[in-house]
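Enquirer: Below is work35.pdb; it holds PDB, N, CA and C atoms.
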ATOM      1  N   MET A   1       7.711  18.220 -31.740
ATOM      2  CA  MET A   1       7.323  17.263 -30.717
ATOM      3  C   MET A   1       7.510  17.858 -29.330
ATOM      4  N   SER A   2       8.474  18.713 -29.146
ATOM      5  CA  SER A   2       8.712  19.302 -27.833
ATOM      6  C   SER A   2       7.484  20.055 -27.327
ATOM      7  N   GLY A   3       6.789  20.758 -28.210
ATOM      8  CA  GLY A   3       5.580  21.471 -27.814
ATOM      9  C   GLY A   3       4.519  20.530 -27.303
ATOM     10  N   ARG A   4       4.381  19.375 -27.935
ATOM     11  CA  ARG A   4       3.400  18.388 -27.484
ATOM     12  C   ARG A   4       3.770  17.872 -26.102
ATOM     13  N   ILE A   5       5.038  17.596 -25.881
ATOM     14  CA  ILE A   5       5.473  17.116 -24.562
ATOM     15  C   ILE A   5       5.213  18.193 -23.516
ATOM     16  N   ASP A   6       5.480  19.445 -23.858
ATOM     17  CA  ASP A   6       5.207  20.541 -22.926
ATOM     18  C   ASP A   6       3.722  20.571 -22.565
ATOM     19  N   ASN A   7       2.848  20.417 -23.570
ATOM     20  CA  ASN A   7       1.413  20.408 -23.310
ATOM     21  C   ASN A   7       1.030  19.229 -22.429
ATOM     22  N   HIS A   8       1.632  18.077 -22.675
ATOM     23  CA  HIS A   8       1.346  16.897 -21.869
ATOM     24  C   HIS A   8       1.839  17.102 -20.442
ATOM     25  N   PHE A   9       2.996  17.736 -20.318
ATOM     26  CA  PHE A   9       3.531  18.020 -18.989
ATOM     27  C   PHE A   9       2.606  18.987 -18.259
ATOM     28  N   GLN A  10       2.106  19.998 -18.957
ATOM     29  CA  GLN A  10       1.177  20.948 -18.344
ATOM     30  C   GLN A  10      -0.093  20.236 -17.896
ATOM     31  N   PHE A  11      -0.606  19.338 -18.732
ATOM     32  CA  PHE A  11      -1.781  18.556 -18.345
ATOM     33  C   PHE A  11      -1.478  17.756 -17.085
ATOM     34  N   LEU A  12      -0.333  17.089 -17.079
ATOM     35  CA  LEU A  12       0.072  16.255 -15.955
ATOM     36  C   LEU A  12       0.177  17.082 -14.668
ATOM     37  N   GLU A  13       0.809  18.220 -14.741
ATOM     38  CA  GLU A  13       0.964  19.083 -13.565
ATOM     39  C   GLU A  13      -0.393  19.601 -13.081
ATOM     40  N   ARG A  14      -1.256  19.977 -14.017
ATOM     41  CA  ARG A  14      -2.584  20.461 -13.635
ATOM     42  C   ARG A  14      -3.380  19.341 -12.952
ATOM     43  N   TRP A  15      -3.350  18.158 -13.545
ATOM     44  CA  TRP A  15      -4.082  17.035 -12.968
ATOM     45  C   TRP A  15      -3.557  16.726 -11.566
ATOM     46  N   LYS A  16      -2.250  16.713 -11.429
ATOM     47  CA  LYS A  16      -1.633  16.431 -10.128
ATOM     48  C   LYS A  16      -2.100  17.442  -9.078
ATOM     49  N   SER A  17      -2.109  18.711  -9.432
ATOM     50  CA  SER A  17      -2.499  19.735  -8.457
ATOM     51  C   SER A  17      -3.979  19.635  -8.084
ATOM     52  N   GLU A  18      -4.786  19.085  -8.979
ATOM     53  CA  GLU A  18      -6.215  18.947  -8.713
ATOM     54  C   GLU A  18      -6.583  17.660  -7.968
ATOM     55  N   HIS A  19      -5.704  16.646  -8.000
ATOM     56  CA  HIS A  19      -6.070  15.332  -7.466
ATOM     57  C   HIS A  19      -5.173  14.786  -6.356
ATOM     58  N   ILE A  20      -4.061  15.442  -6.098
ATOM     59  CA  ILE A  20      -3.135  14.931  -5.079
ATOM     60  C   ILE A  20      -2.869  16.032  -4.063
ATOM     61  N   ASP A  21      -3.070  15.691  -2.805
ATOM     62  CA  ASP A  21      -2.751  16.616  -1.726
ATOM     63  C   ASP A  21      -2.193  15.831  -0.540
ATOM     64  N   SER A  22      -1.984  16.505   0.559
ATOM     65  CA  SER A  22      -1.336  15.855   1.700
ATOM     66  C   SER A  22      -2.165  14.728   2.301
ATOM     67  N   GLY A  23      -3.449  14.667   1.987
ATOM     68  CA  GLY A  23      -4.289  13.593   2.493
ATOM     69  C   GLY A  23      -4.338  12.370   1.588
ATOM     70  N   THR A  24      -3.696  12.464   0.435
ATOM     71  CA  THR A  24      -3.687  11.349  -0.510
ATOM     72  C   THR A  24      -2.795  10.236   0.026
ATOM     73  N   GLN A  25      -3.272   9.006  -0.059
ATOM     74  CA  GLN A  25      -2.548   7.855   0.468
ATOM     75  C   GLN A  25      -1.777   7.131  -0.635
ATOM     76  N   GLN A  26      -0.608   6.607  -0.285
ATOM     77  CA  GLN A  26       0.172   5.807  -1.242
ATOM     78  C   GLN A  26      -0.641   4.610  -1.743
ATOM     79  N   ALA A  27      -1.517   4.082  -0.905
ATOM     80  CA  ALA A  27      -2.338   2.937  -1.297
ATOM     81  C   ALA A  27      -3.263   3.282  -2.460
ATOM     82  N   ASP A  28      -3.505   4.563  -2.677
ATOM     83  CA  ASP A  28      -4.376   5.011  -3.760
ATOM     84  C   ASP A  28      -3.625   5.240  -5.070
ATOM     85  N   ALA A  29      -2.319   5.051  -5.080
ATOM     86  CA  ALA A  29      -1.495   5.400  -6.241
ATOM     87  C   ALA A  29      -1.930   4.684  -7.520
ATOM     88  N   SER A  30      -2.203   3.392  -7.451
ATOM     89  CA  SER A  30      -2.594   2.649  -8.660
ATOM     90  C   SER A  30      -3.895   3.185  -9.241
ATOM     91  N   LYS A  31      -4.855   3.458  -8.385
ATOM     92  CA  LYS A  31      -6.137   4.015  -8.838
ATOM     93  C   LYS A  31      -5.924   5.396  -9.436
ATOM     94  N   LEU A  32      -5.068   6.189  -8.820
ATOM     95  CA  LEU A  32      -4.784   7.519  -9.341
ATOM     96  C   LEU A  32      -4.145   7.455 -10.721
ATOM     97  N   VAL A  33      -3.250   6.500 -10.934
ATOM     98  CA  VAL A  33      -2.638   6.340 -12.253
ATOM     99  C   VAL A  33      -3.720   6.048 -13.289
ATOM    100  N   GLU A  34      -4.619   5.144 -12.966
ATOM    101  CA  GLU A  34      -5.690   4.808 -13.907
ATOM    102  C   GLU A  34      -6.617   5.991 -14.154
ATOM    103  N   ASP A  35      -6.925   6.747 -13.103
ATOM    104  CA  ASP A  35      -7.748   7.951 -13.257
ATOM    105  C   ASP A  35      -7.041   8.975 -14.135
ATOM    106  N   LEU A  36      -5.742   9.130 -13.922
ATOM    107  CA  LEU A  36      -4.942  10.055 -14.717
ATOM    108  C   LEU A  36      -4.945   9.659 -16.187
ATOM    109  N   VAL A  37      -4.720   8.394 -16.457
ATOM    110  CA  VAL A  37      -4.695   7.910 -17.844
ATOM    111  C   VAL A  37      -6.051   8.129 -18.497
ATOM    112  N   ALA A  38      -7.132   7.835 -17.793
ATOM    113  CA  ALA A  38      -8.471   8.029 -18.352
ATOM    114  C   ALA A  38      -8.722   9.503 -18.678
ATOM    115  N   ALA A  39      -8.324  10.392 -17.776
ATOM    116  CA  ALA A  39      -8.498  11.825 -18.020
ATOM    117  C   ALA A  39      -7.647  12.281 -19.212
ATOM    118  N   ALA A  40      -6.440  11.770 -19.302
ATOM    119  CA  ALA A  40      -5.556  12.131 -20.411
ATOM    120  C   ALA A  40      -6.125  11.643 -21.738
ATOM    121  N   GLU A  41      -6.595  10.407 -21.752
ATOM    122  CA  GLU A  41      -7.157   9.864 -22.988
ATOM    123  C   GLU A  41      -8.378  10.657 -23.437
ATOM    124  N   ALA A  42      -9.152  11.178 -22.493
ATOM    125  CA  ALA A  42     -10.296  12.020 -22.836
ATOM    126  C   ALA A  42      -9.844  13.325 -23.501
ATOM    127  N   GLU A  43      -8.580  13.696 -23.269
ATOM    128  CA  GLU A  43      -7.991  14.896 -23.865
ATOM    129  C   GLU A  43      -7.098  14.552 -25.066
ATOM    130  N   ASP A  44      -7.221  13.320 -25.561
ATOM    131  CA  ASP A  44      -6.415  12.834 -26.696
ATOM    132  C   ASP A  44      -4.926  12.779 -26.384
ATOM    133  N   ILE A  45      -4.594  12.477 -25.143
ATOM    134  CA  ILE A  45      -3.204  12.294 -24.740
ATOM    135  C   ILE A  45      -3.024  10.813 -24.440
ATOM    136  N   SER A  46      -2.132  10.179 -25.156
ATOM    137  CA  SER A  46      -1.933   8.744 -24.980
ATOM    138  C   SER A  46      -1.176   8.447 -23.682
ATOM    139  N   ARG A  47      -1.325   7.226 -23.215
ATOM    140  CA  ARG A  47      -0.598   6.785 -22.024
ATOM    141  C   ARG A  47       0.911   6.924 -22.238
ATOM    142  N   ASP A  48       1.384   6.583 -23.447
ATOM    143  CA  ASP A  48       2.816   6.686 -23.736
ATOM    144  C   ASP A  48       3.315   8.123 -23.652
ATOM    145  N   MET A  49       2.542   9.051 -24.213
ATOM    146  CA  MET A  49       2.962  10.458 -24.158
ATOM    147  C   MET A  49       2.904  10.979 -22.723
ATOM    148  N   LEU A  50       1.917  10.538 -21.980
ATOM    149  CA  LEU A  50       1.806  10.929 -20.582
ATOM    150  C   LEU A  50       2.989  10.395 -19.786
ATOM    151  N   ALA A  51       3.327   9.139 -20.017
ATOM    152  CA  ALA A  51       4.470   8.533 -19.331
ATOM    153  C   ALA A  51       5.759   9.267 -19.681
ATOM    154  N   GLN A  52       5.911   9.636 -20.933
ATOM    155  CA  GLN A  52       7.108  10.377 -21.345
ATOM    156  C   GLN A  52       7.180  11.713 -20.607
ATOM    157  N   ALA A  53       6.046  12.407 -20.496
ATOM    158  CA  ALA A  53       6.014  13.685 -19.774
ATOM    159  C   ALA A  53       6.305  13.493 -18.291
ATOM    160  N   ALA A  54       5.976  12.306 -17.766
ATOM    161  CA  ALA A  54       6.189  12.002 -16.343
ATOM    162  C   ALA A  54       7.590  11.466 -16.067
ATOM    163  N   GLY A  55       8.413  11.405 -17.073
ATOM    164  CA  GLY A  55       9.770  10.911 -16.871
ATOM    165  C   GLY A  55       9.905   9.425 -17.113
ATOM    166  N   GLY A  56       8.886   8.809 -17.705
ATOM    167  CA  GLY A  56       8.988   7.411 -18.091
ATOM    168  C   GLY A  56       8.179   6.431 -17.278
ATOM    169  N   ASP A  57       7.757   6.799 -16.075
ATOM    170  CA  ASP A  57       7.052   5.845 -15.217
ATOM    171  C   ASP A  57       5.949   6.565 -14.449
ATOM    172  N   LEU A  58       4.711   6.347 -14.861
ATOM    173  CA  LEU A  58       3.587   7.028 -14.217
ATOM    174  C   LEU A  58       3.435   6.646 -12.752
ATOM    175  N   ALA A  59       3.628   5.375 -12.433
ATOM    176  CA  ALA A  59       3.471   4.935 -11.046
ATOM    177  C   ALA A  59       4.481   5.633 -10.135
ATOM    178  N   ASN A  60       5.727   5.723 -10.561
ATOM    179  CA  ASN A  60       6.739   6.420  -9.765
ATOM    180  C   ASN A  60       6.442   7.907  -9.663
ATOM    181  N   TYR A  61       5.946   8.479 -10.755
ATOM    182  CA  TYR A  61       5.605   9.903 -10.761
ATOM    183  C   TYR A  61       4.513  10.193  -9.722
ATOM    184  N   ILE A  62       3.454   9.385  -9.737
ATOM    185  CA  ILE A  62       2.348   9.584  -8.801
ATOM    186  C   ILE A  62       2.806   9.334  -7.360
ATOM    187  N   ALA A  63       3.563   8.276  -7.143
ATOM    188  CA  ALA A  63       4.074   7.999  -5.795
ATOM    189  C   ALA A  63       4.934   9.162  -5.297
ATOM    190  N   GLY A  64       5.759   9.699  -6.167
ATOM    191  CA  GLY A  64       6.590  10.846  -5.803
ATOM    192  C   GLY A  64       5.762  12.083  -5.516
ATOM    193  N   ALA A  65       4.712  12.291  -6.289
ATOM    194  CA  ALA A  65       3.839  13.441  -6.072
ATOM    195  C   ALA A  65       3.128  13.337  -4.726
ATOM    196  N   ILE A  66       2.732  12.140  -4.351
ATOM    197  CA  ILE A  66       2.090  11.934  -3.045
ATOM    198  C   ILE A  66       3.087  12.234  -1.928
ATOM    199  N   ARG A  67       4.304  11.688  -2.046
ATOM    200  CA  ARG A  67       5.339  11.953  -1.030
ATOM    201  C   ARG A  67       5.606  13.449  -0.917
ATOM    202  N   GLU A  68       5.715  14.104  -2.053
ATOM    203  CA  GLU A  68       5.990  15.541  -2.076
ATOM    204  C   GLU A  68       4.869  16.322  -1.380
ATOM    205  N   ALA A  69       3.631  15.973  -1.645
ATOM    206  CA  ALA A  69       2.499  16.660  -1.022
ATOM    207  C   ALA A  69       2.513  16.490   0.496
ATOM    208  N   VAL A  70       2.823  15.294   0.957
ATOM    209  CA  VAL A  70       2.880  15.029   2.401
ATOM    210  C   VAL A  70       4.040  15.812   3.018
ATOM    211  N   GLU A  71       5.196  15.789   2.364
ATOM    212  CA  GLU A  71       6.360  16.505   2.907
ATOM    213  C   GLU A  71       6.114  18.010   2.969
ATOM    214  N   GLU A  72       5.462  18.555   1.948
ATOM    215  CA  GLU A  72       5.155  19.987   1.961
ATOM    216  C   GLU A  72       4.248  20.347   3.130
ATOM    217  N   GLU A  73       3.302  19.471   3.445
ATOM    218  CA  GLU A  73       2.393  19.707   4.555
ATOM    219  C   GLU A  73       3.160  19.695   5.874
ATOM    220  N   LEU A  74       4.173  18.843   5.988
ATOM    221  CA  LEU A  74       4.951  18.749   7.222
ATOM    222  C   LEU A  74       5.812  19.985   7.459
ATOM    223  N   TRP A  75       6.219  20.654   6.407
ATOM    224  CA  TRP A  75       7.053  21.847   6.555
ATOM    225  C   TRP A  75       6.162  23.017   6.747
TER     226      TRP A  75
END
Please lay out the structure from this file as structure tokens.
Expert:
Amino acid sequence: MSGRIDNHFQFLERWKSEHIDSGTQQADASKLVEDLVAAAEAEDISRDMLAQAAGGDLANYIAGAIREAVEEELW
């Protein structure tokens, strides 16, 4: 199972790098979560497995990724 989680984490990280940058708004977080889930499901990755790879909460993961992207731009 660890290999599957690693693959899901890799998918999650790749998707994040392709869809979130310093111009991404927190107001877009809910839509981004839904877009992420749809992309994952197209790759046969369930929402539950994606959430597990994200640390349990996709919304918090995406919100954190947006904050991180903005902070990186500021530095």
Enquirer: Which distance in Å separates atom CA of A:Phe9 and atom CA of A:Ala53, to one decimal?
Expert: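 Going from atom CA of A:Phe9 over to atom CA of A:Ala53, I get 5.1 Å.
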Enquirer: Just so the selection is clear, what residues does the PyMOL selection byres (((chain A and resi 16 and name CA) around 12) and name CA) cover here, as a PyMOL selection string?
Expert: chain A and resi 9-15+17-22+24+29+32-33+35-37+39-40+54+58+61-66+68-69
Enquirer: Write out as number ranges by chain all residues of chain A that backbone DSSP assigns to alpha helix (DSSP H).
Expert: A: 2-19, 29-42, 47-53, 58-74
Enquirer: Could you tell me which of A:Arg67, A:Leu74, A:His8, A:Gly23 comes closest to A:Met49 if we count all atoms listed in the file?
Expert: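 Counting all atoms listed in the file, the residue closest to A:Met49 is A:His8.
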Enquirer: Distance atom N of A:Arg47-atom N of A:Asn7, one decimal place?
Expert: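 Between atom N of A:Arg47 and atom N of A:Asn7 the gap is 13.8 Å.
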Enquirer: To one decimal place in Å, what is the distance between atom C of A:Asp48 and atom C of A:Asp28?
Expert: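 Atom C of A:Asp28 lies 20.0 Å from atom C of A:Asp48.
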Enquirer: Would you kindly place all heavy atoms on stretch 39-50 of chain A and return the model as a CSV table (one decimal), keeping the file's coordinate frame?
Expert:
chain,number,residue,atom,x,y,z
A,39,ALA,N,-8.3,10.4,-17.8
A,39,ALA,CA,-8.5,11.8,-18.0
A,39,ALA,C,-7.6,12.3,-19.2
A,39,ALA,O,-8.1,13.1,-20.0
A,39,ALA,CB,-8.1,12.6,-16.8
A,40,ALA,N,-6.4,11.8,-19.3
A,40,ALA,CA,-5.6,12.1,-20.4
A,40,ALA,C,-6.1,11.6,-21.7
A,40,ALA,O,-6.1,12.4,-22.7
A,40,ALA,CB,-4.2,11.6,-20.2
A,41,GLU,N,-6.6,10.4,-21.8
A,41,GLU,CA,-7.2,9.9,-23.0
A,41,GLU,C,-8.4,10.7,-23.4
A,41,GLU,O,-8.6,10.8,-24.6
A,41,GLU,CB,-7.5,8.4,-22.8
A,41,GLU,CG,-6.2,7.5,-22.8
A,41,GLU,CD,-6.4,6.1,-22.5
A,41,GLU,OE1,-7.6,5.7,-22.1
A,41,GLU,OE2,-5.5,5.3,-22.7
A,42,ALA,N,-9.2,11.2,-22.5
A,42,ALA,CA,-10.3,12.0,-22.8
A,42,ALA,C,-9.8,13.3,-23.5
A,42,ALA,O,-10.6,14.0,-24.2
A,42,ALA,CB,-11.1,12.3,-21.6
A,43,GLU,N,-8.6,13.7,-23.3
A,43,GLU,CA,-8.0,14.9,-23.9
A,43,GLU,C,-7.1,14.6,-25.1
A,43,GLU,O,-6.3,15.4,-25.5
A,43,GLU,CB,-7.2,15.6,-22.8
A,43,GLU,CG,-7.9,16.1,-21.6
A,43,GLU,CD,-8.7,17.4,-21.9
A,43,GLU,OE1,-8.3,18.2,-22.7
A,43,GLU,OE2,-9.8,17.5,-21.3
A,44,ASP,N,-7.2,13.3,-25.6
A,44,ASP,CA,-6.4,12.8,-26.7
A,44,ASP,C,-4.9,12.8,-26.4
A,44,ASP,O,-4.1,13.0,-27.3
A,44,ASP,CB,-6.6,13.7,-28.0
A,44,ASP,CG,-7.9,13.2,-28.7
A,44,ASP,OD1,-8.3,12.1,-28.5
A,44,ASP,OD2,-8.4,14.0,-29.5
A,45,ILE,N,-4.6,12.5,-25.1
A,45,ILE,CA,-3.2,12.3,-24.7
A,45,ILE,C,-3.0,10.8,-24.4
A,45,ILE,O,-3.7,10.3,-23.6
A,45,ILE,CB,-2.9,13.1,-23.5
A,45,ILE,CG1,-3.1,14.6,-23.8
A,45,ILE,CG2,-1.5,12.9,-23.0
A,45,ILE,CD1,-3.0,15.5,-22.6
A,46,SER,N,-2.1,10.2,-25.2
A,46,SER,CA,-1.9,8.7,-25.0
A,46,SER,C,-1.2,8.4,-23.7
A,46,SER,O,-0.5,9.3,-23.1
A,46,SER,CB,-1.1,8.2,-26.2
A,46,SER,OG,0.2,8.6,-26.1
A,47,ARG,N,-1.3,7.2,-23.2
A,47,ARG,CA,-0.6,6.8,-22.0
A,47,ARG,C,0.9,6.9,-22.2
A,47,ARG,O,1.6,7.3,-21.3
A,47,ARG,CB,-1.0,5.3,-21.7
A,47,ARG,CG,-0.3,4.8,-20.4
A,47,ARG,CD,-0.7,3.4,-20.1
A,47,ARG,NE,-0.3,3.0,-18.8
A,47,ARG,CZ,-1.2,2.8,-17.8
A,47,ARG,NH1,-2.5,2.8,-18.0
A,47,ARG,NH2,-0.7,2.5,-16.6
A,48,ASP,N,1.4,6.6,-23.4
A,48,ASP,CA,2.8,6.7,-23.7
A,48,ASP,C,3.3,8.1,-23.7
A,48,ASP,O,4.4,8.4,-23.1
A,48,ASP,CB,3.1,6.1,-25.1
A,48,ASP,CG,3.0,4.6,-25.2
A,48,ASP,OD1,3.0,4.0,-24.1
A,48,ASP,OD2,2.9,4.1,-26.3
A,49,MET,N,2.5,9.1,-24.2
A,49,MET,CA,3.0,10.5,-24.2
A,49,MET,C,2.9,11.0,-22.7
A,49,MET,O,3.8,11.7,-22.3
A,49,MET,CB,2.1,11.3,-25.1
A,49,MET,CG,2.4,11.1,-26.5
A,49,MET,SD,4.1,11.4,-27.0
A,49,MET,CE,4.3,13.1,-26.7
A,50,LEU,N,1.9,10.5,-22.0
A,50,LEU,CA,1.8,10.9,-20.6
A,50,LEU,C,3.0,10.4,-19.8
A,50,LEU,O,3.6,11.1,-19.0
A,50,LEU,CB,0.5,10.4,-20.0
A,50,LEU,CG,0.0,10.9,-18.7
A,50,LEU,CD1,-0.2,12.4,-18.8
A,50,LEU,CD2,-1.3,10.2,-18.3
